[in-house]
Amino acid sequence: MSLPNVFSFRPSILSRLVVSAVLVVGAERVLAADWSVGVGAGDKGIRKISLIAGWDREEPLWQGQKWHLALRHEVEWGIWRIRHASDAVEFGYSPVLRLIRPLSTHAGRLFVEGSIGVRLISNKRLSPDFGMSTAFQFSDMLGIGYQWGTEQRTTVGVRATHVSNGGIKKPNHGVNFGQLYVQRTF
């Protein structure tokens with residue numbers, strides 16, 4: 001398996017500024033992040049492996065008696081293995097809302113999560129007859145998961161993700177992924 005040529009991707013000035021801002025603002029946070037590894041499968045036989053650096057907002061956005069709403073930030077780097085086309089590299093940022101339900105004082109906790117993020121994709125041609133019209137994409141995600149251990153430092157989850165350009169340019173086929181991930185906070 002050969003890795004995709006990431007140097008053939010030439011992002012616009014705006015996308016470079018966005019990525020630079022995320023890296024500068026988030027550099028301190030990423031060093032203290034939790035890390036996830038995800039594997040998934042998508043439309044047209046596309047397979048994906050990703051590395052995600054995430055960090056949580058310290059205070060919940062909302063606190064109920066049994067549930068609370070948390071905000072986390074995730075920076076994702078992924079490789080799409082594409083049959084009959086060159087592989088693609090994905091880079092993006094997503095603010096993730098998590099609705100969390102602790103099970104008891106010392107047990108784990110369940111959550112549902114969702115986000116709308118942004119992505120840059122290095123290869124727009126996904127097969128001889130299927131492609132994406134722009135390198136800039138949006139990423140919509142819904143997921144469920146479970147956290148356990150000391151301070152809930154270990155997480156396993158399942159996500160359904162749709163990546164498309166949101167109608168910016170035609171065609172706007174998009175790609176759907178199912179993804180399983182494991183996360184560990186250090």
# chains A, B, ... in the order shown; residues from 1 in each chain; ligands from 1
>>> residues_around(residues="region 35-47 of chain A", least_positions_apart="6", cutoff="12 Å", atoms="only C-alpha atoms", output="VMD selection string")
chain A and resid 29 53 to 56 73 to 89 125 to 131 153 to 163 173 to 186
>>> select_by_dssp(residues="region 15-152 of chain A", states="helix (DSSP H, G or I)", output="VMD selection string")
chain A and resid 15 to 31 43 to 45 150 to 152
>>> closest_residue(among="A:Phe91, A:Pro171, A:Lys124, A:Pro102", to="Leu51 (chain A)", atoms="only C-alpha atoms")
A:Phe91
>>> atom_distance(atom1="CA of Val96 (chain A)", atom2="CA of Ile168 (chain A)")
23.0 Å
>>> residues_around(residues="Trp62 (chain A)", least_positions_apart="4", cutoff="12 Å", atoms="only C-alpha atoms", output="list in words")
Arg57, Glu58, Lys66, Trp67, His68, Leu69, Ala70, Leu71, Leu97, Arg98, Leu99 and Ile100 of chain A
>>> atom_distance(atom1="CA of Lys169 (chain A)", atom2="CA of Met132 (chain A)")
9.1 Å
